[in-house]
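Chemist: One structure coming up, written as structure tokens, with questions to follow.
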Amino acid sequence: MEWLEAARWLNPPAHWAAERGSLRLQTLPRTDFWQETHYGFRRDDGHFLHRAMAGDFDIETELWFEPNAQYDQAGLMVRIDAGIWLKASVEFEVEGPANLGAVVTNAALSDWSMQADAAFDGRLRLRIQRRQNDYTVFAATADAALARIRLARLHVDNGAGPVLVGPYACSPTGEGCVAFFRHVTVTCP
């Protein structure tokens with residue numbers, strides 16, 4: 001069975017299709033995953049297709065992204081609950097290059113690490129690796145090799161118990177965008 005066939009939605013988008021290991025979706029307007037820090041608001045209505053995974057794993061995908069508005073984003077997420085999660089993605093910037101980044105949320109407070117990537121051409125490869133209770137995020141745009149962009153921990157994660165993992169997308173300020181995830185794969189070392 002393909003990984004996506006057994007996955008479930010948190011906040012399903014209005015339009016989506018999954019086949020042969022790939023997922024295409026259209027985000028709903030003004031959707032996001034964010035908790036409090038800096039912006040002062042809480043949002044937990046982005047689109048997240050997930051499965052539960054226990055122990056060590058790698059989740060990887062290649063995505064194509066058609067953003068329309070500031071902060072449109074698509075990537076991978078690891079989630080325990082609304083106040084404890086990690087997302088890694090590309091976020092669209094209207095003025096300037098897209099940002100590769102990761103948001104880590106612990107105790108319902110989000111942080112955001114980012115780096116501008118002028119090479120972003122709509123394609124991105126992402127991998128999140130769990131080893132015990134550490135998470136390493138890798139990303140690559142264009143034809144570059146995967147590079148580590150973040151090492152983080154979810155504070156209540158014991159490294160063995162199940163967490164929800166999968167692709168996510170949202171449109172915090174706009175009317176929606178299209179994201180296509182090719183070959184979402186999860187492997188256990």
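Residues in the structure tokens are numbered from 1 in each chain, the chains being A, B, ... in the order shown, and ligands are numbered from 1 in the order shown.
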Skip range 151-162 of chain A itself and residues of its chain fewer than 4 positions away, then list as a ChimeraX atom specification all residues within 6 Å of it, counting only C-alpha atoms.
Modeler: /A:52-55,132-136
Chemist: I want to know what sits within 10 Å of range 107-121 of chain A, based on only C-alpha atoms, with residues of the same chain fewer than 3 positions away left out; could you give that as a JSON list (two decimals) with N, CA and C atoms, in the first residue's frame?
Modeler:
```
[["chain", "number", "residue", "atom", "x", "y", "z"],
["A", 33, "PHE", "N", -0.31, 27.42, 10.06],
["A", 33, "PHE", "CA", 0.09, 26.80, 11.32],
["A", 33, "PHE", "C", 1.06, 27.77, 11.98],
["A", 34, "TRP", "N", 0.68, 28.35, 13.10],
["A", 34, "TRP", "CA", 1.53, 29.28, 13.83],
["A", 34, "TRP", "C", 0.99, 29.42, 15.24],
["A", 35, "GLN", "N", 1.88, 29.63, 16.21],
["A", 35, "GLN", "CA", 1.48, 29.79, 17.60],
["A", 35, "GLN", "C", 2.18, 30.99, 18.24],
["A", 36, "GLU", "N", 1.49, 32.09, 18.35],
["A", 36, "GLU", "CA", 1.79, 33.24, 19.21],
["A", 36, "GLU", "C", 3.02, 34.07, 18.89],
["A", 37, "THR", "N", 4.23, 33.54, 18.95],
["A", 37, "THR", "CA", 5.47, 34.32, 18.94],
["A", 37, "THR", "C", 5.48, 35.38, 17.85],
["A", 38, "HIS", "N", 5.89, 36.57, 18.21],
["A", 38, "HIS", "CA", 6.09, 37.72, 17.35],
["A", 38, "HIS", "C", 4.80, 38.29, 16.75],
["A", 39, "TYR", "N", 3.99, 37.45, 16.12],
["A", 39, "TYR", "CA", 2.80, 37.95, 15.45],
["A", 39, "TYR", "C", 1.60, 38.06, 16.39],
["A", 40, "GLY", "N", 1.63, 37.35, 17.52],
["A", 40, "GLY", "CA", 0.58, 37.47, 18.52],
["A", 40, "GLY", "C", -0.71, 36.74, 18.21],
["A", 42, "ARG", "N", -2.73, 32.84, 17.01],
["A", 42, "ARG", "CA", -2.65, 31.38, 16.97],
["A", 42, "ARG", "C", -3.48, 30.90, 15.79],
["A", 64, "TRP", "N", 6.60, 20.67, -6.02],
["A", 64, "TRP", "CA", 6.47, 21.79, -6.93],
["A", 64, "TRP", "C", 5.43, 22.70, -6.32],
["A", 65, "PHE", "N", 5.63, 24.00, -6.47],
["A", 65, "PHE", "CA", 4.86, 24.96, -5.72],
["A", 65, "PHE", "C", 4.52, 26.13, -6.62],
["A", 66, "GLU", "N", 3.24, 26.55, -6.61],
["A", 66, "GLU", "CA", 2.79, 27.68, -7.42],
["A", 66, "GLU", "C", 2.19, 28.73, -6.48],
["A", 81, "ASP", "N", 0.74, 17.72, 18.77],
["A", 81, "ASP", "CA", -0.58, 18.34, 18.93],
["A", 81, "ASP", "C", -0.48, 19.79, 18.47],
["A", 82, "ALA", "N", -1.53, 20.58, 18.71],
["A", 82, "ALA", "CA", -1.57, 21.96, 18.21],
["A", 82, "ALA", "C", -0.47, 22.84, 18.79],
["A", 83, "GLY", "N", 0.07, 22.49, 19.95],
["A", 83, "GLY", "CA", 1.10, 23.30, 20.57],
["A", 83, "GLY", "C", 2.50, 22.73, 20.49],
["A", 84, "ILE", "N", 2.66, 21.57, 19.80],
["A", 84, "ILE", "CA", 3.97, 20.93, 19.71],
["A", 84, "ILE", "C", 4.12, 20.32, 18.31],
["A", 85, "TRP", "N", 4.92, 20.98, 17.46],
["A", 85, "TRP", "CA", 5.12, 20.51, 16.10],
["A", 85, "TRP", "C", 6.32, 21.18, 15.46],
["A", 86, "LEU", "N", 6.69, 20.65, 14.29],
["A", 86, "LEU", "CA", 7.77, 21.18, 13.47],
["A", 86, "LEU", "C", 7.29, 21.18, 12.03],
["A", 87, "LYS", "N", 7.52, 22.27, 11.33],
["A", 87, "LYS", "CA", 7.24, 22.29, 9.89],
["A", 87, "LYS", "C", 8.47, 22.81, 9.17],
["A", 88, "ALA", "N", 8.76, 22.21, 8.02],
["A", 88, "ALA", "CA", 9.88, 22.63, 7.17],
["A", 88, "ALA", "C", 9.30, 22.91, 5.80],
["A", 89, "SER", "N", 9.68, 24.06, 5.20],
["A", 89, "SER", "CA", 9.01, 24.43, 3.96],
["A", 89, "SER", "C", 9.78, 25.48, 3.19],
["A", 90, "VAL", "N", 9.20, 25.81, 2.05],
["A", 90, "VAL", "CA", 9.57, 26.99, 1.31],
["A", 90, "VAL", "C", 8.40, 27.96, 1.48],
["A", 91, "GLU", "N", 8.72, 29.23, 1.74],
["A", 91, "GLU", "CA", 7.70, 30.27, 1.88],
["A", 91, "GLU", "C", 7.95, 31.35, 0.84],
["A", 92, "PHE", "N", 6.89, 31.74, 0.17],
["A", 92, "PHE", "CA", 6.96, 32.72, -0.90],
["A", 92, "PHE", "C", 7.11, 34.13, -0.33],
["A", 93, "GLU", "N", 8.01, 34.89, -0.94],
["A", 93, "GLU", "CA", 8.19, 36.31, -0.62],
["A", 93, "GLU", "C", 7.86, 37.11, -1.88],
["A", 96, "GLY", "N", 11.53, 39.71, -3.31],
["A", 96, "GLY", "CA", 12.78, 39.02, -3.03],
["A", 96, "GLY", "C", 12.66, 37.51, -3.15],
["A", 97, "PRO", "N", 13.77, 36.82, -2.83],
["A", 97, "PRO", "CA", 13.78, 35.36, -2.99],
["A", 97, "PRO", "C", 12.91, 34.65, -1.95],
["A", 98, "ALA", "N", 12.52, 33.43, -2.29],
["A", 98, "ALA", "CA", 11.76, 32.60, -1.35],
["A", 98, "ALA", "C", 12.64, 32.25, -0.16],
["A", 99, "ASN", "N", 12.00, 31.91, 0.95],
["A", 99, "ASN", "CA", 12.72, 31.50, 2.15],
["A", 99, "ASN", "C", 12.57, 30.00, 2.36],
["A", 100, "LEU", "N", 13.69, 29.31, 2.56],
["A", 100, "LEU", "CA", 13.67, 27.96, 3.07],
["A", 100, "LEU", "C", 13.68, 28.10, 4.58],
["A", 101, "GLY", "N", 12.85, 27.33, 5.26],
["A", 101, "GLY", "CA", 12.86, 27.51, 6.70],
["A", 101, "GLY", "C", 12.21, 26.38, 7.45],
["A", 102, "ALA", "N", 12.28, 26.53, 8.75],
["A", 102, "ALA", "CA", 11.66, 25.57, 9.65],
["A", 102, "ALA", "C", 11.08, 26.33, 10.83],
["A", 103, "VAL", "N", 9.88, 25.94, 11.22],
["A", 103, "VAL", "CA", 9.24, 26.47, 12.42],
["A", 103, "VAL", "C", 9.16, 25.34, 13.42],
["A", 104, "VAL", "N", 9.66, 25.57, 14.62],
["A", 104, "VAL", "CA", 9.56, 24.61, 15.70],
["A", 104, "VAL", "C", 8.67, 25.23, 16.76],
["A", 124, "LEU", "N", 11.42, 21.93, -4.80],
["A", 124, "LEU", "CA", 12.15, 21.80, -3.54],
["A", 124, "LEU", "C", 12.15, 20.34, -3.12],
["A", 140, "ALA", "N", 16.86, 21.17, -0.37],
["A", 140, "ALA", "CA", 17.63, 21.47, -1.57],
["A", 140, "ALA", "C", 16.70, 22.06, -2.62],
["A", 141, "THR", "N", 17.14, 23.14, -3.25],
["A", 141, "THR", "CA", 16.41, 23.71, -4.37],
["A", 141, "THR", "C", 17.15, 23.37, -5.65],
["A", 142, "ALA", "N", 16.44, 23.50, -6.75],
["A", 142, "ALA", "CA", 17.00, 23.20, -8.07],
["A", 142, "ALA", "C", 17.63, 21.81, -8.05],
["A", 143, "ASP", "N", 18.85, 21.69, -8.52],
["A", 143, "ASP", "CA", 19.52, 20.38, -8.58],
["A", 143, "ASP", "C", 20.61, 20.23, -7.54],
["A", 144, "ALA", "N", 20.57, 21.05, -6.49],
["A", 144, "ALA", "CA", 21.60, 21.00, -5.44],
["A", 144, "ALA", "C", 21.42, 19.75, -4.57],
["A", 149, "ILE", "N", 19.48, 22.22, 7.28],
["A", 149, "ILE", "CA", 19.12, 23.61, 7.57],
["A", 149, "ILE", "C", 18.62, 23.80, 9.00],
["A", 150, "ARG", "N", 18.40, 22.70, 9.74],
["A", 150, "ARG", "CA", 17.92, 22.85, 11.13],
["A", 150, "ARG", "C", 18.09, 21.56, 11.88],
["A", 154, "LEU", "N", 11.48, 18.45, 19.82],
["A", 154, "LEU", "CA", 10.14, 18.72, 20.35],
["A", 154, "LEU", "C", 10.18, 18.29, 21.81],
["A", 155, "HIS", "N", 9.95, 19.20, 22.72],
["A", 155, "HIS", "CA", 10.26, 19.01, 24.13],
["A", 155, "HIS", "C", 9.62, 17.79, 24.79],
["A", 156, "VAL", "N", 8.40, 17.44, 24.45],
["A", 156, "VAL", "CA", 7.77, 16.30, 25.12],
["A", 156, "VAL", "C", 7.95, 14.98, 24.36]]
```
Chemist: May I have a table of the residues of range 81-171 of chain A lying at most 12 Å from range 3-7 of chain A, giving each one's closest pair of atoms and their distance in Å to one decimal, counting only C-alpha atoms, ordered by chain and ascending residue number, as a Markdown table?
Modeler:
```
| residue | atom | partner | partner_atom | distance |
| --- | --- | --- | --- | --- |
| A:Leu164 | CA | A:Ala7 | CA | 9.8 |
| A:Val165 | CA | A:Ala7 | CA | 9.3 |
| A:Gly166 | CA | A:Ala7 | CA | 8.2 |
| A:Pro167 | CA | A:Leu4 | CA | 9.7 |
```
Chemist: Where does DSSP see strand (DSSP E) in range 32-107 of chain A, if you list the residues as a PyMOL selection string?
Modeler: chain A and resi 33-35+42-44+47-53+57-66+73-81+84-91+98-106
Chemist: Store the residues of this selection in a file with N, CA and C atoms, as a short mmCIF file (atom, residue, chain, number, x, y, z; two decimals), in the first residue's frame.
Modeler:
```
data_model
loop_
_atom_site.label_atom_id
_atom_site.label_comp_id
_atom_site.auth_asym_id
_atom_site.auth_seq_id
_atom_site.Cartn_x
_atom_site.Cartn_y
_atom_site.Cartn_z
N PHE A 33 -0.31 27.42 10.06
CA PHE A 33 0.09 26.80 11.32
C PHE A 33 1.06 27.77 11.98
N TRP A 34 0.68 28.35 13.10
CA TRP A 34 1.53 29.28 13.83
C TRP A 34 0.99 29.42 15.24
N GLN A 35 1.88 29.63 16.21
CA GLN A 35 1.48 29.79 17.60
C GLN A 35 2.18 30.99 18.24
N ARG A 42 -2.73 32.84 17.01
CA ARG A 42 -2.65 31.38 16.97
C ARG A 42 -3.48 30.90 15.79
N ARG A 43 -2.85 30.07 14.94
CA ARG A 43 -3.57 29.50 13.80
C ARG A 43 -3.21 28.02 13.72
N ASP A 44 -4.21 27.21 13.52
CA ASP A 44 -4.00 25.77 13.40
C ASP A 44 -4.95 25.20 12.35
N HIS A 47 -3.41 22.81 6.01
CA HIS A 47 -3.74 21.47 5.51
C HIS A 47 -2.57 20.52 5.77
N PHE A 48 -2.84 19.39 6.41
CA PHE A 48 -1.79 18.45 6.81
C PHE A 48 -2.30 17.03 6.60
N LEU A 49 -1.66 16.30 5.69
CA LEU A 49 -1.99 14.90 5.41
C LEU A 49 -0.97 14.05 6.14
N HIS A 50 -1.41 13.22 7.07
CA HIS A 50 -0.47 12.59 8.00
C HIS A 50 -0.76 11.12 8.25
N ARG A 51 0.29 10.48 8.76
CA ARG A 51 0.23 9.13 9.33
C ARG A 51 1.03 9.15 10.62
N ALA A 52 0.71 8.24 11.52
CA ALA A 52 1.47 8.12 12.77
C ALA A 52 2.70 7.26 12.53
N MET A 53 3.83 7.72 13.06
CA MET A 53 5.09 6.98 12.97
C MET A 53 5.72 6.94 14.34
N PHE A 57 12.76 7.55 11.92
CA PHE A 57 12.27 7.53 10.54
C PHE A 57 12.88 8.69 9.76
N ASP A 58 12.76 8.59 8.43
CA ASP A 58 13.03 9.69 7.51
C ASP A 58 11.77 9.87 6.68
N ILE A 59 11.30 11.08 6.54
CA ILE A 59 10.22 11.38 5.59
C ILE A 59 10.82 12.33 4.57
N GLU A 60 10.53 12.07 3.31
CA GLU A 60 11.13 12.85 2.24
C GLU A 60 10.12 13.07 1.12
N THR A 61 10.24 14.21 0.47
CA THR A 61 9.41 14.48 -0.69
C THR A 61 10.12 15.47 -1.60
N GLU A 62 9.67 15.50 -2.83
CA GLU A 62 10.03 16.55 -3.77
C GLU A 62 8.73 17.27 -4.06
N LEU A 63 8.75 18.60 -4.03
CA LEU A 63 7.51 19.32 -4.27
C LEU A 63 7.69 20.39 -5.33
N TRP A 64 6.60 20.67 -6.02
CA TRP A 64 6.47 21.79 -6.93
C TRP A 64 5.43 22.70 -6.32
N PHE A 65 5.63 24.00 -6.47
CA PHE A 65 4.86 24.96 -5.72
C PHE A 65 4.52 26.13 -6.62
N GLU A 66 3.24 26.55 -6.61
CA GLU A 66 2.79 27.68 -7.42
C GLU A 66 2.19 28.73 -6.48
N GLN A 73 3.01 28.66 1.44
CA GLN A 73 4.05 27.72 1.83
C GLN A 73 3.63 26.27 1.62
N ALA A 74 4.62 25.41 1.43
CA ALA A 74 4.39 23.98 1.28
C ALA A 74 5.63 23.26 1.78
N GLY A 75 5.40 22.12 2.45
CA GLY A 75 6.53 21.37 2.97
C GLY A 75 6.10 20.14 3.74
N LEU A 76 6.90 19.78 4.75
CA LEU A 76 6.65 18.60 5.58
C LEU A 76 6.44 19.03 7.02
N MET A 77 5.66 18.23 7.75
CA MET A 77 5.36 18.53 9.14
C MET A 77 5.50 17.28 9.99
N VAL A 78 5.92 17.49 11.24
CA VAL A 78 5.90 16.48 12.30
C VAL A 78 5.08 17.11 13.42
N ARG A 79 4.12 16.37 13.96
CA ARG A 79 3.19 16.99 14.90
C ARG A 79 2.83 16.04 16.03
N ILE A 80 2.81 16.59 17.23
CA ILE A 80 2.28 15.88 18.39
C ILE A 80 0.88 16.39 18.70
N ASP A 81 0.74 17.72 18.77
CA ASP A 81 -0.58 18.34 18.93
C ASP A 81 -0.48 19.79 18.47
N ILE A 84 2.66 21.57 19.80
CA ILE A 84 3.97 20.93 19.71
C ILE A 84 4.12 20.32 18.31
N TRP A 85 4.92 20.98 17.46
CA TRP A 85 5.12 20.51 16.10
C TRP A 85 6.32 21.18 15.46
N LEU A 86 6.69 20.65 14.29
CA LEU A 86 7.77 21.18 13.47
C LEU A 86 7.29 21.18 12.03
N LYS A 87 7.52 22.27 11.33
CA LYS A 87 7.24 22.29 9.89
C LYS A 87 8.47 22.81 9.17
N ALA A 88 8.76 22.21 8.02
CA ALA A 88 9.88 22.63 7.17
C ALA A 88 9.30 22.91 5.80
N SER A 89 9.68 24.06 5.20
CA SER A 89 9.01 24.43 3.96
C SER A 89 9.78 25.48 3.19
N VAL A 90 9.20 25.81 2.05
CA VAL A 90 9.57 26.99 1.31
C VAL A 90 8.40 27.96 1.48
N GLU A 91 8.72 29.23 1.74
CA GLU A 91 7.70 30.27 1.88
C GLU A 91 7.95 31.35 0.84
N ALA A 98 12.52 33.43 -2.29
CA ALA A 98 11.76 32.60 -1.35
C ALA A 98 12.64 32.25 -0.16
N ASN A 99 12.00 31.91 0.95
CA ASN A 99 12.72 31.50 2.15
C ASN A 99 12.57 30.00 2.36
N LEU A 100 13.69 29.31 2.56
CA LEU A 100 13.67 27.96 3.07
C LEU A 100 13.68 28.10 4.58
N GLY A 101 12.85 27.33 5.26
CA GLY A 101 12.86 27.51 6.70
C GLY A 101 12.21 26.38 7.45
N ALA A 102 12.28 26.53 8.75
CA ALA A 102 11.66 25.57 9.65
C ALA A 102 11.08 26.33 10.83
N VAL A 103 9.88 25.94 11.22
CA VAL A 103 9.24 26.47 12.42
C VAL A 103 9.16 25.34 13.42
N VAL A 104 9.66 25.57 14.62
CA VAL A 104 9.56 24.61 15.70
C VAL A 104 8.67 25.23 16.76
N THR A 105 7.65 24.48 17.16
CA THR A 105 6.70 24.98 18.15
C THR A 105 6.73 24.06 19.36
N ASN A 106 7.06 24.63 20.50
CA ASN A 106 7.05 23.94 21.79
C ASN A 106 6.26 24.81 22.76
#
```
Chemist: I'd like the interatomic distance between CA of Tyr71 in chain A and CA of Leu126 in chain A, to a tenth of an Å.
Modeler: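 It comes out at 17.8 Å.
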Chemist: So, counting only C-alpha atoms, which residue among A:Phe41, A:Ser171, A:Ile128, A:Asn68 is closest to Leu28 in chain A?
Modeler: A:Ser171
Chemist: So how far away is CA of Arg20 in chain A from CA of Val137 in chain A, in Å?
Modeler: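 Computed distance, CA of Val137 in chain A to CA of Arg20 in chain A, equals 25.0 Å.
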